[in-house]
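K.L.:
Just so it is clear, I am handing over target.json, which has JSON, N, CA, C and O atoms.
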```
[["chain", "number", "residue", "atom", "x", "y", "z"],
["A", 928, "MET", "N", 95.04, 98.10, 75.47],
["A", 928, "MET", "CA", 96.35, 98.41, 76.03],
["A", 928, "MET", "C", 96.44, 97.83, 77.44],
["A", 928, "MET", "O", 95.52, 97.98, 78.24],
["A", 929, "ASN", "N", 97.54, 97.19, 77.76],
["A", 929, "ASN", "CA", 97.72, 96.52, 79.04],
["A", 929, "ASN", "C", 98.42, 97.36, 80.08],
["A", 929, "ASN", "O", 98.74, 96.87, 81.14],
["A", 930, "GLY", "N", 98.74, 98.60, 79.80],
["A", 930, "GLY", "CA", 99.45, 99.44, 80.76],
["A", 930, "GLY", "C", 100.94, 99.43, 80.52],
["A", 930, "GLY", "O", 101.45, 98.72, 79.65],
["A", 931, "PRO", "N", 101.68, 100.19, 81.31],
["A", 931, "PRO", "CA", 103.13, 100.29, 81.11],
["A", 931, "PRO", "C", 103.84, 99.00, 81.49],
["A", 931, "PRO", "O", 103.36, 98.23, 82.32],
["A", 932, "ARG", "N", 104.97, 98.76, 80.86],
["A", 932, "ARG", "CA", 105.79, 97.61, 81.22],
["A", 932, "ARG", "C", 107.20, 98.09, 81.53],
["A", 932, "ARG", "O", 107.66, 99.09, 81.00],
["A", 933, "ARG", "N", 107.87, 97.37, 82.38],
["A", 933, "ARG", "CA", 109.24, 97.71, 82.75],
["A", 933, "ARG", "C", 110.18, 97.33, 81.61],
["A", 933, "ARG", "O", 110.09, 96.24, 81.06],
["A", 934, "LEU", "N", 111.07, 98.24, 81.27],
["A", 934, "LEU", "CA", 111.98, 98.00, 80.15],
["A", 934, "LEU", "C", 113.24, 97.25, 80.56],
["A", 934, "LEU", "O", 113.77, 96.48, 79.80],
["A", 935, "SER", "N", 113.73, 97.50, 81.74],
["A", 935, "SER", "CA", 114.99, 96.91, 82.15],
["A", 935, "SER", "C", 114.84, 96.29, 83.53],
["A", 935, "SER", "O", 115.07, 96.94, 84.54],
["A", 936, "ILE", "N", 114.45, 95.03, 83.55],
["A", 936, "ILE", "CA", 114.27, 94.34, 84.82],
["A", 936, "ILE", "C", 115.62, 93.78, 85.26],
["A", 936, "ILE", "O", 116.26, 93.03, 84.52],
["A", 937, "PRO", "N", 116.10, 94.17, 86.45],
["A", 937, "PRO", "CA", 117.39, 93.65, 86.92],
["A", 937, "PRO", "C", 117.35, 92.14, 87.10],
["A", 937, "PRO", "O", 116.32, 91.56, 87.45],
["A", 938, "ARG", "N", 118.48, 91.49, 86.83],
["A", 938, "ARG", "CA", 118.63, 90.05, 86.99],
["A", 938, "ARG", "C", 119.76, 89.78, 87.98],
["A", 938, "ARG", "O", 120.79, 90.47, 87.95],
["A", 939, "ARG", "N", 119.60, 88.76, 88.81],
["A", 939, "ARG", "CA", 120.65, 88.40, 89.77],
["A", 939, "ARG", "C", 121.91, 88.02, 89.02],
["A", 939, "ARG", "O", 121.85, 87.43, 87.93],
["A", 940, "VAL", "N", 123.06, 88.35, 89.61],
["A", 940, "VAL", "CA", 124.34, 88.05, 88.99],
["A", 940, "VAL", "C", 125.34, 87.70, 90.09],
["A", 940, "VAL", "O", 125.25, 88.23, 91.21],
["A", 941, "ALA", "N", 126.27, 86.79, 89.80],
["A", 941, "ALA", "CA", 127.32, 86.41, 90.74],
["A", 941, "ALA", "C", 128.50, 87.36, 90.55],
["A", 941, "ALA", "O", 129.03, 87.48, 89.44],
["A", 942, "VAL", "N", 128.88, 88.06, 91.62],
["A", 942, "VAL", "CA", 129.98, 89.03, 91.55],
["A", 942, "VAL", "C", 130.98, 88.72, 92.66],
["A", 942, "VAL", "O", 130.60, 88.50, 93.81],
["A", 943, "THR", "N", 132.25, 88.70, 92.29],
["A", 943, "THR", "CA", 133.35, 88.61, 93.25],
["A", 943, "THR", "C", 134.00, 89.98, 93.29],
["A", 943, "THR", "O", 134.29, 90.56, 92.23],
["A", 944, "THR", "N", 134.23, 90.51, 94.49],
["A", 944, "THR", "CA", 134.77, 91.86, 94.62],
["A", 944, "THR", "C", 136.15, 91.87, 95.25],
["A", 944, "THR", "O", 136.57, 90.92, 95.91],
["A", 945, "ALA", "N", 136.84, 92.99, 95.04],
["A", 945, "ALA", "CA", 138.10, 93.25, 95.72],
["A", 945, "ALA", "C", 137.77, 93.72, 97.14],
["A", 945, "ALA", "O", 136.59, 93.94, 97.48],
["A", 946, "GLY", "N", 138.77, 93.93, 97.94],
["A", 946, "GLY", "CA", 138.57, 94.37, 99.32],
["A", 946, "GLY", "C", 137.82, 95.68, 99.45],
["A", 946, "GLY", "O", 137.13, 95.91, 100.45],
["A", 947, "ASP", "N", 137.92, 96.54, 98.44],
["A", 947, "ASP", "CA", 137.23, 97.83, 98.50],
["A", 947, "ASP", "C", 135.83, 97.79, 97.89],
["A", 947, "ASP", "O", 135.16, 98.81, 97.77],
["A", 948, "GLY", "N", 135.36, 96.59, 97.49],
["A", 948, "GLY", "CA", 134.02, 96.44, 96.93],
["A", 948, "GLY", "C", 133.95, 96.54, 95.42],
["A", 948, "GLY", "O", 132.88, 96.36, 94.83],
["A", 949, "THR", "N", 135.07, 96.81, 94.76],
["A", 949, "THR", "CA", 135.09, 96.92, 93.30],
["A", 949, "THR", "C", 134.90, 95.54, 92.67],
["A", 949, "THR", "O", 135.59, 94.59, 93.05],
["A", 950, "PRO", "N", 133.98, 95.40, 91.71],
["A", 950, "PRO", "CA", 133.79, 94.10, 91.06],
["A", 950, "PRO", "C", 135.06, 93.63, 90.34],
["A", 950, "PRO", "O", 135.70, 94.40, 89.63],
["A", 951, "GLN", "N", 135.42, 92.37, 90.56],
["A", 951, "GLN", "CA", 136.57, 91.75, 89.91],
["A", 951, "GLN", "C", 136.15, 90.67, 88.90],
["A", 951, "GLN", "O", 136.78, 90.51, 87.87],
["A", 952, "LEU", "N", 135.10, 89.92, 89.25],
["A", 952, "LEU", "CA", 134.53, 88.88, 88.39],
["A", 952, "LEU", "C", 133.02, 89.05, 88.36],
["A", 952, "LEU", "O", 132.40, 89.24, 89.41],
["A", 953, "VAL", "N", 132.43, 88.97, 87.17],
["A", 953, "VAL", "CA", 130.98, 89.03, 87.01],
["A", 953, "VAL", "C", 130.57, 87.79, 86.22],
["A", 953, "VAL", "O", 130.98, 87.63, 85.07],
["A", 954, "ASP", "N", 129.82, 86.91, 86.88],
["A", 954, "ASP", "CA", 129.45, 85.61, 86.29],
["A", 954, "ASP", "C", 130.67, 84.88, 85.74],
["A", 954, "ASP", "O", 130.64, 84.31, 84.65],
["A", 955, "GLY", "N", 131.77, 84.92, 86.47],
["A", 955, "GLY", "CA", 132.98, 84.21, 86.09],
["A", 955, "GLY", "C", 133.86, 84.92, 85.09],
["A", 955, "GLY", "O", 134.95, 84.44, 84.78],
["A", 956, "ARG", "N", 133.41, 86.07, 84.55],
["A", 956, "ARG", "CA", 134.22, 86.83, 83.59],
["A", 956, "ARG", "C", 134.98, 87.94, 84.32],
["A", 956, "ARG", "O", 134.39, 88.69, 85.11],
["A", 957, "ALA", "N", 136.27, 88.03, 84.05],
["A", 957, "ALA", "CA", 137.10, 89.05, 84.70],
["A", 957, "ALA", "C", 136.70, 90.45, 84.23],
["A", 957, "ALA", "O", 136.37, 90.66, 83.06],
["A", 958, "VAL", "N", 136.75, 91.38, 85.15],
["A", 958, "VAL", "CA", 136.48, 92.79, 84.84],
["A", 958, "VAL", "C", 137.79, 93.43, 84.38],
["A", 958, "VAL", "O", 138.78, 93.41, 85.11],
["A", 959, "ASP", "N", 137.79, 93.97, 83.17],
["A", 959, "ASP", "CA", 138.97, 94.62, 82.61],
["A", 959, "ASP", "C", 139.06, 96.08, 83.06],
["A", 959, "ASP", "O", 140.15, 96.58, 83.29],
["A", 960, "ALA", "N", 137.91, 96.76, 83.17],
["A", 960, "ALA", "CA", 137.92, 98.18, 83.52],
["A", 960, "ALA", "C", 136.62, 98.57, 84.19],
["A", 960, "ALA", "O", 135.56, 98.01, 83.88],
["A", 961, "VAL", "N", 136.71, 99.51, 85.10],
["A", 961, "VAL", "CA", 135.54, 100.16, 85.68],
["A", 961, "VAL", "C", 135.46, 101.52, 85.04],
["A", 961, "VAL", "O", 136.38, 102.33, 85.16],
["A", 962, "ARG", "N", 134.37, 101.78, 84.32],
["A", 962, "ARG", "CA", 134.22, 103.07, 83.64],
["A", 962, "ARG", "C", 133.76, 104.14, 84.62],
["A", 962, "ARG", "O", 134.21, 105.27, 84.54],
["A", 963, "GLU", "N", 132.82, 103.79, 85.51],
["A", 963, "GLU", "CA", 132.40, 104.72, 86.56],
["A", 963, "GLU", "C", 131.59, 103.97, 87.59],
["A", 963, "GLU", "O", 131.15, 102.86, 87.37],
["A", 964, "SER", "N", 131.39, 104.60, 88.72],
["A", 964, "SER", "CA", 130.52, 104.05, 89.76],
["A", 964, "SER", "C", 129.78, 105.21, 90.41],
["A", 964, "SER", "O", 130.25, 106.35, 90.40],
["A", 965, "TRP", "N", 128.59, 104.89, 90.94],
["A", 965, "TRP", "CA", 127.79, 105.93, 91.59],
["A", 965, "TRP", "C", 126.86, 105.28, 92.61],
["A", 965, "TRP", "O", 126.54, 104.11, 92.53],
["A", 966, "LEU", "N", 126.44, 106.08, 93.57],
["A", 966, "LEU", "CA", 125.52, 105.65, 94.62],
["A", 966, "LEU", "C", 124.14, 106.24, 94.37],
["A", 966, "LEU", "O", 124.03, 107.40, 93.94],
["A", 967, "VAL", "N", 123.12, 105.45, 94.65],
["A", 967, "VAL", "CA", 121.74, 105.93, 94.58],
["A", 967, "VAL", "C", 121.09, 105.65, 95.93],
["A", 967, "VAL", "O", 121.06, 104.50, 96.37],
["A", 968, "GLU", "N", 120.63, 106.70, 96.58],
["A", 968, "GLU", "CA", 119.89, 106.59, 97.84],
["A", 968, "GLU", "C", 118.58, 107.31, 97.61],
["A", 968, "GLU", "O", 118.56, 108.51, 97.35],
["A", 969, "ASP", "N", 117.47, 106.57, 97.67],
["A", 969, "ASP", "CA", 116.16, 107.16, 97.36],
["A", 969, "ASP", "C", 115.09, 106.51, 98.22],
["A", 969, "ASP", "O", 115.32, 105.47, 98.82],
["A", 970, "ARG", "N", 113.94, 107.10, 98.25],
["A", 970, "ARG", "CA", 112.77, 106.61, 98.99],
["A", 970, "ARG", "C", 113.08, 106.35, 100.46],
["A", 970, "ARG", "O", 112.44, 105.51, 101.10],
["A", 971, "TRP", "N", 114.04, 107.07, 101.03],
["A", 971, "TRP", "CA", 114.41, 106.88, 102.42],
["A", 971, "TRP", "C", 113.26, 107.22, 103.37],
["A", 971, "TRP", "O", 113.23, 106.77, 104.50],
["A", 972, "TRP", "N", 112.31, 107.98, 102.91],
["A", 972, "TRP", "CA", 111.18, 108.41, 103.73],
["A", 972, "TRP", "C", 110.02, 107.40, 103.71],
["A", 972, "TRP", "O", 109.02, 107.60, 104.37],
["A", 973, "THR", "N", 110.18, 106.31, 102.92],
["A", 973, "THR", "CA", 109.11, 105.32, 102.80],
["A", 973, "THR", "C", 109.48, 104.05, 103.55],
["A", 973, "THR", "O", 110.57, 103.92, 104.09],
["A", 974, "ASP", "N", 108.57, 103.06, 103.50],
["A", 974, "ASP", "CA", 108.86, 101.76, 104.11],
["A", 974, "ASP", "C", 109.63, 100.86, 103.15],
["A", 974, "ASP", "O", 109.93, 99.72, 103.48],
["A", 975, "ARG", "N", 109.95, 101.37, 101.93],
["A", 975, "ARG", "CA", 110.75, 100.61, 100.95],
["A", 975, "ARG", "C", 111.91, 101.48, 100.44],
["A", 975, "ARG", "O", 111.94, 101.84, 99.26],
["A", 976, "PRO", "N", 112.88, 101.81, 101.31],
["A", 976, "PRO", "CA", 113.99, 102.65, 100.85],
["A", 976, "PRO", "C", 114.86, 101.93, 99.83],
["A", 976, "PRO", "O", 114.83, 100.70, 99.72],
["A", 977, "LEU", "N", 115.62, 102.70, 99.07],
["A", 977, "LEU", "CA", 116.49, 102.17, 98.02],
["A", 977, "LEU", "C", 117.90, 102.68, 98.28],
["A", 977, "LEU", "O", 118.11, 103.88, 98.47],
["A", 978, "SER", "N", 118.86, 101.76, 98.33],
["A", 978, "SER", "CA", 120.27, 102.12, 98.54],
["A", 978, "SER", "C", 121.10, 101.17, 97.68],
["A", 978, "SER", "O", 121.18, 99.97, 97.97],
["A", 979, "ARG", "N", 121.70, 101.72, 96.61],
["A", 979, "ARG", "CA", 122.44, 100.89, 95.65],
["A", 979, "ARG", "C", 123.77, 101.54, 95.26],
["A", 979, "ARG", "O", 123.84, 102.75, 95.14],
["A", 980, "HIS", "N", 124.75, 100.69, 95.01],
["A", 980, "HIS", "CA", 126.03, 101.13, 94.45],
["A", 980, "HIS", "C", 126.13, 100.53, 93.06],
["A", 980, "HIS", "O", 126.20, 99.30, 92.91],
["A", 981, "TYR", "N", 126.11, 101.39, 92.05],
["A", 981, "TYR", "CA", 126.16, 100.98, 90.65],
["A", 981, "TYR", "C", 127.60, 101.03, 90.13],
["A", 981, "TYR", "O", 128.38, 101.90, 90.53],
["A", 982, "TRP", "N", 127.91, 100.12, 89.21],
["A", 982, "TRP", "CA", 129.22, 100.06, 88.56],
["A", 982, "TRP", "C", 129.01, 99.85, 87.07],
["A", 982, "TRP", "O", 128.32, 98.91, 86.66],
["A", 983, "GLU", "N", 129.59, 100.70, 86.26],
["A", 983, "GLU", "CA", 129.63, 100.47, 84.81],
["A", 983, "GLU", "C", 130.98, 99.85, 84.52],
["A", 983, "GLU", "O", 132.02, 100.46, 84.77],
["A", 984, "ILE", "N", 130.97, 98.63, 84.01],
["A", 984, "ILE", "CA", 132.21, 97.86, 83.83],
["A", 984, "ILE", "C", 132.38, 97.40, 82.39],
["A", 984, "ILE", "O", 131.44, 97.40, 81.61],
["A", 985, "VAL", "N", 133.61, 96.98, 82.07],
["A", 985, "VAL", "CA", 133.93, 96.32, 80.81],
["A", 985, "VAL", "C", 134.63, 95.02, 81.19],
["A", 985, "VAL", "O", 135.61, 95.03, 81.93],
["A", 986, "THR", "N", 134.10, 93.89, 80.69],
["A", 986, "THR", "CA", 134.74, 92.61, 80.97],
["A", 986, "THR", "C", 135.86, 92.36, 79.96],
["A", 986, "THR", "O", 135.97, 93.06, 78.95],
["A", 987, "VAL", "N", 136.69, 91.36, 80.24],
["A", 987, "VAL", "CA", 137.84, 91.09, 79.36],
["A", 987, "VAL", "C", 137.43, 90.70, 77.96],
["A", 987, "VAL", "O", 138.20, 90.87, 77.02],
["A", 988, "CYS", "N", 136.19, 90.22, 77.79],
["A", 988, "CYS", "CA", 135.72, 89.88, 76.43],
["A", 988, "CYS", "C", 135.15, 91.11, 75.71],
["A", 988, "CYS", "O", 134.65, 90.99, 74.60],
["A", 989, "GLY", "N", 135.23, 92.29, 76.35],
["A", 989, "GLY", "CA", 134.80, 93.53, 75.71],
["A", 989, "GLY", "C", 133.35, 93.90, 75.96],
["A", 989, "GLY", "O", 132.85, 94.87, 75.41],
["A", 990, "ARG", "N", 132.67, 93.16, 76.79],
["A", 990, "ARG", "CA", 131.26, 93.41, 77.07],
["A", 990, "ARG", "C", 131.09, 94.56, 78.07],
["A", 990, "ARG", "O", 131.71, 94.56, 79.12],
["A", 991, "ASN", "N", 130.25, 95.54, 77.72],
["A", 991, "ASN", "CA", 129.90, 96.63, 78.63],
["A", 991, "ASN", "C", 128.69, 96.21, 79.45],
["A", 991, "ASN", "O", 127.72, 95.71, 78.89],
["A", 992, "GLU", "N", 128.75, 96.40, 80.75],
["A", 992, "GLU", "CA", 127.65, 96.02, 81.62],
["A", 992, "GLU", "C", 127.48, 97.03, 82.74],
["A", 992, "GLU", "O", 128.43, 97.72, 83.10],
["A", 993, "VAL", "N", 126.27, 97.08, 83.28],
["A", 993, "VAL", "CA", 126.01, 97.85, 84.50],
["A", 993, "VAL", "C", 125.52, 96.85, 85.53],
["A", 993, "VAL", "O", 124.53, 96.14, 85.31],
["A", 994, "VAL", "N", 126.24, 96.77, 86.64],
["A", 994, "VAL", "CA", 125.86, 95.92, 87.75],
["A", 994, "VAL", "C", 125.69, 96.80, 88.98],
["A", 994, "VAL", "O", 126.26, 97.89, 89.05],
["A", 995, "PHE", "N", 124.88, 96.33, 89.93],
["A", 995, "PHE", "CA", 124.76, 97.09, 91.16],
["A", 995, "PHE", "C", 124.61, 96.16, 92.34],
["A", 995, "PHE", "O", 124.12, 95.04, 92.22],
["A", 996, "CYS", "N", 125.05, 96.66, 93.47],
["A", 996, "CYS", "CA", 124.89, 95.95, 94.74],
["A", 996, "CYS", "C", 123.79, 96.66, 95.52],
["A", 996, "CYS", "O", 123.85, 97.87, 95.74],
["A", 997, "ASP", "N", 122.76, 95.90, 95.89],
["A", 997, "ASP", "CA", 121.73, 96.42, 96.77],
["A", 997, "ASP", "C", 122.36, 96.48, 98.16],
["A", 997, "ASP", "O", 122.65, 95.45, 98.76],
["A", 998, "LEU", "N", 122.61, 97.67, 98.65],
["A", 998, "LEU", "CA", 123.34, 97.82, 99.90],
["A", 998, "LEU", "C", 122.53, 97.40, 101.12],
["A", 998, "LEU", "O", 123.10, 97.18, 102.19],
["A", 999, "LEU", "N", 121.23, 97.25, 100.97],
["A", 999, "LEU", "CA", 120.39, 96.81, 102.08],
["A", 999, "LEU", "C", 120.39, 95.28, 102.20],
["A", 999, "LEU", "O", 120.36, 94.76, 103.30],
["A", 1000, "SER", "N", 120.47, 94.57, 101.07],
["A", 1000, "SER", "CA", 120.45, 93.10, 101.10],
["A", 1000, "SER", "C", 121.82, 92.49, 100.86],
["A", 1000, "SER", "O", 122.04, 91.32, 101.17],
["A", 1001, "GLY", "N", 122.73, 93.25, 100.22],
["A", 1001, "GLY", "CA", 124.05, 92.72, 99.87],
["A", 1001, "GLY", "C", 124.05, 91.93, 98.57],
["A", 1001, "GLY", "O", 125.07, 91.39, 98.18],
["A", 1002, "ARG", "N", 122.91, 91.84, 97.90],
["A", 1002, "ARG", "CA", 122.81, 91.09, 96.65],
["A", 1002, "ARG", "C", 123.24, 91.93, 95.46],
["A", 1002, "ARG", "O", 123.07, 93.14, 95.44],
["A", 1003, "TRP", "N", 123.78, 91.23, 94.44],
["A", 1003, "TRP", "CA", 124.22, 91.88, 93.20],
["A", 1003, "TRP", "C", 123.22, 91.62, 92.09],
["A", 1003, "TRP", "O", 122.65, 90.53, 92.00],
["A", 1004, "TRP", "N", 123.06, 92.63, 91.21],
["A", 1004, "TRP", "CA", 122.11, 92.58, 90.11],
["A", 1004, "TRP", "C", 122.76, 93.16, 88.85],
["A", 1004, "TRP", "O", 123.66, 93.96, 88.95],
["A", 1005, "ARG", "N", 122.23, 92.75, 87.70],
["A", 1005, "ARG", "CA", 122.71, 93.25, 86.41],
["A", 1005, "ARG", "C", 121.56, 93.99, 85.73],
["A", 1005, "ARG", "O", 120.43, 93.52, 85.73],
["A", 1006, "HIS", "N", 121.88, 95.15, 85.14],
["A", 1006, "HIS", "CA", 120.94, 95.87, 84.27],
["A", 1006, "HIS", "C", 121.35, 95.62, 82.85],
["A", 1006, "HIS", "O", 122.53, 95.66, 82.52],
["A", 1007, "ARG", "N", 120.42, 95.39, 81.94],
["A", 1007, "ARG", "CA", 120.73, 95.22, 80.53],
["A", 1007, "ARG", "C", 120.25, 96.40, 79.76],
["A", 1007, "ARG", "O", 119.30, 97.02, 80.07]]
```
Please lay out the structure from this file as structure tokens.
P.N.:
Amino acid sequence: MNGPRRLSIPRRVAVTTAGDGTPQLVDGRAVDAVRESWLVEDRWWTDRPLSRHYWEIVTVCGRNEVVFCDLLSGRWWRHR
């Protein structure tokens, strides 16, 4: 046995947002609906804190996705 493996490794994604930070385009596909959004703030007591804004979206082609913005780096990521 090789030990545990990560099931859902985030991948970089290109996101264009509205003025309020809501995703409008994800990898060039228009966002049809935002199902929900939430903030995660964790490990603030360590040297590797985590601060993310997650969005569950539906694109115009009907694809459900979860994307998040790393609030410390400003980069966007996709969870599959």
K.L.:
From a backbone DSSP assignment, name each residue in chain A labelled strand (DSSP E or B), as a PyMOL selection string.
P.N.:
chain A and resi 938-939+942-944+950-953+956-969+977-986+991-997+1003-1006
K.L.:
Report, as AutoDock Vina command-line options, the centre and edge lengths in Å (one decimal) of the axis-aligned box enclosing every listed atom of stretch 968-984 of chain A, padded by 8 Å on each side.
P.N.:
```
--center_x 120.5 --center_y 103.0 --center_z 93.1 --size_x 39.8 --size_y 27.1 --size_z 38.9
```
K.L.:
At a cut-off of 8 Å, using only C-alpha atoms, what residues contact stretch 994-1000 of chain A? Leave out same-chain residues fewer than 4 positions from it and give the result as a short mmCIF file (atom, residue, chain, number, x, y, z; two decimals) with N, CA, C and O atoms, in the frame of the given file.
P.N.:
```cif
data_model
loop_
_atom_site.label_atom_id
_atom_site.label_comp_id
_atom_site.auth_asym_id
_atom_site.auth_seq_id
_atom_site.Cartn_x
_atom_site.Cartn_y
_atom_site.Cartn_z
N LEU A 977 115.62 102.70 99.07
CA LEU A 977 116.49 102.17 98.02
C LEU A 977 117.90 102.68 98.28
O LEU A 977 118.11 103.88 98.47
N SER A 978 118.86 101.76 98.33
CA SER A 978 120.27 102.12 98.54
C SER A 978 121.10 101.17 97.68
O SER A 978 121.18 99.97 97.97
N ARG A 979 121.70 101.72 96.61
CA ARG A 979 122.44 100.89 95.65
C ARG A 979 123.77 101.54 95.26
O ARG A 979 123.84 102.75 95.14
N HIS A 980 124.75 100.69 95.01
CA HIS A 980 126.03 101.13 94.45
C HIS A 980 126.13 100.53 93.06
O HIS A 980 126.20 99.30 92.91
N TYR A 981 126.11 101.39 92.05
CA TYR A 981 126.16 100.98 90.65
C TYR A 981 127.60 101.03 90.13
O TYR A 981 128.38 101.90 90.53
N TRP A 982 127.91 100.12 89.21
CA TRP A 982 129.22 100.06 88.56
C TRP A 982 129.01 99.85 87.07
O TRP A 982 128.32 98.91 86.66
N GLU A 983 129.59 100.70 86.26
CA GLU A 983 129.63 100.47 84.81
C GLU A 983 130.98 99.85 84.52
O GLU A 983 132.02 100.46 84.77
N ILE A 984 130.97 98.63 84.01
CA ILE A 984 132.21 97.86 83.83
C ILE A 984 132.38 97.40 82.39
O ILE A 984 131.44 97.40 81.61
N TRP A 1004 123.06 92.63 91.21
CA TRP A 1004 122.11 92.58 90.11
C TRP A 1004 122.76 93.16 88.85
O TRP A 1004 123.66 93.96 88.95
N ARG A 1005 122.23 92.75 87.70
CA ARG A 1005 122.71 93.25 86.41
C ARG A 1005 121.56 93.99 85.73
O ARG A 1005 120.43 93.52 85.73
N HIS A 1006 121.88 95.15 85.14
CA HIS A 1006 120.94 95.87 84.27
C HIS A 1006 121.35 95.62 82.85
O HIS A 1006 122.53 95.66 82.52
#
```
K.L.:
Could you check the closest approach to A:Val961 for each of A:Thr986, A:Thr943, A:Thr973, A:Asn929 and tell me which residue wins, using all atoms listed in the file?
P.N.:
A:Thr986
K.L.:
Pick out the residues sitting within 8 Å of A:Val985, and hand them over as a PyMOL selection string; count only N, CA, C and O atoms, and ignore anything fewer than 5 positions along from it in its own chain.
P.N.:
chain A and resi 950-951+956-963+990-993
K.L.:
What is the distance, in Å and to one decimal place, between atom CA of A:Val940 and atom CA of A:Glu968?
P.N.:
21.0 Å
K.L.:
Can you work out the spacing between atom N of A:Arg1002 and atom CA of A:Asp954 in Å, to one decimal?
P.N.:
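Atom CA of A:Asp954 lies 14.7 Å from atom N of A:Arg1002.
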K.L.:
Work out how far atom O of A:Gly946 is from atom N of A:Gly989, in Å to one decimal.
P.N.:
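Separation of atom N of A:Gly989 and atom O of A:Gly946: 24.4 Å.
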K.L.:
Given the choices A:Trp965, A:Val987, A:Asp974, A:Gly955, which gets closest to A:Ala941 if the distance is worked out from only C-alpha atoms?
P.N.:
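Distance minimum relative to A:Ala941 lands on A:Gly955.
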K.L.:
Missing atoms in stretch 984-990 of chain A need filling: write out all heavy atoms for it as a compact mmCIF listing (two decimals), in the frame of the given file.
P.N.:
```txt
# COMPACT_ATOMS: atom_id res chain seq x y z
N ILE A 984 130.97 98.63 84.01
CA ILE A 984 132.21 97.86 83.83
C ILE A 984 132.38 97.40 82.39
O ILE A 984 131.44 97.40 81.61
CB ILE A 984 132.24 96.63 84.76
CG1 ILE A 984 131.07 95.70 84.43
CG2 ILE A 984 132.24 97.03 86.22
CD1 ILE A 984 131.21 94.31 84.99
N VAL A 985 133.61 96.98 82.07
CA VAL A 985 133.93 96.32 80.81
C VAL A 985 134.63 95.02 81.19
O VAL A 985 135.61 95.03 81.93
CB VAL A 985 134.85 97.18 79.91
CG1 VAL A 985 135.16 96.46 78.62
CG2 VAL A 985 134.24 98.55 79.66
N THR A 986 134.10 93.89 80.69
CA THR A 986 134.74 92.61 80.97
C THR A 986 135.86 92.36 79.96
O THR A 986 135.97 93.06 78.95
CB THR A 986 133.71 91.45 80.90
OG1 THR A 986 133.16 91.39 79.59
CG2 THR A 986 132.61 91.64 81.92
N VAL A 987 136.69 91.36 80.24
CA VAL A 987 137.84 91.09 79.36
C VAL A 987 137.43 90.70 77.96
O VAL A 987 138.20 90.87 77.02
CB VAL A 987 138.78 90.02 79.96
CG1 VAL A 987 139.47 90.53 81.19
CG2 VAL A 987 138.05 88.73 80.25
N CYS A 988 136.19 90.22 77.79
CA CYS A 988 135.72 89.88 76.43
C CYS A 988 135.15 91.11 75.71
O CYS A 988 134.65 90.99 74.60
CB CYS A 988 134.70 88.75 76.48
SG CYS A 988 133.21 89.12 77.41
N GLY A 989 135.23 92.29 76.35
CA GLY A 989 134.80 93.53 75.71
C GLY A 989 133.35 93.90 75.96
O GLY A 989 132.85 94.87 75.41
N ARG A 990 132.67 93.16 76.79
CA ARG A 990 131.26 93.41 77.07
C ARG A 990 131.09 94.56 78.07
O ARG A 990 131.71 94.56 79.12
CB ARG A 990 130.64 92.15 77.63
CG ARG A 990 129.19 92.22 77.88
CD ARG A 990 128.72 90.89 78.42
NE ARG A 990 127.29 90.79 78.24
CZ ARG A 990 126.63 89.68 78.32
NH1 ARG A 990 127.27 88.55 78.54
NH2 ARG A 990 125.33 89.66 78.18
```
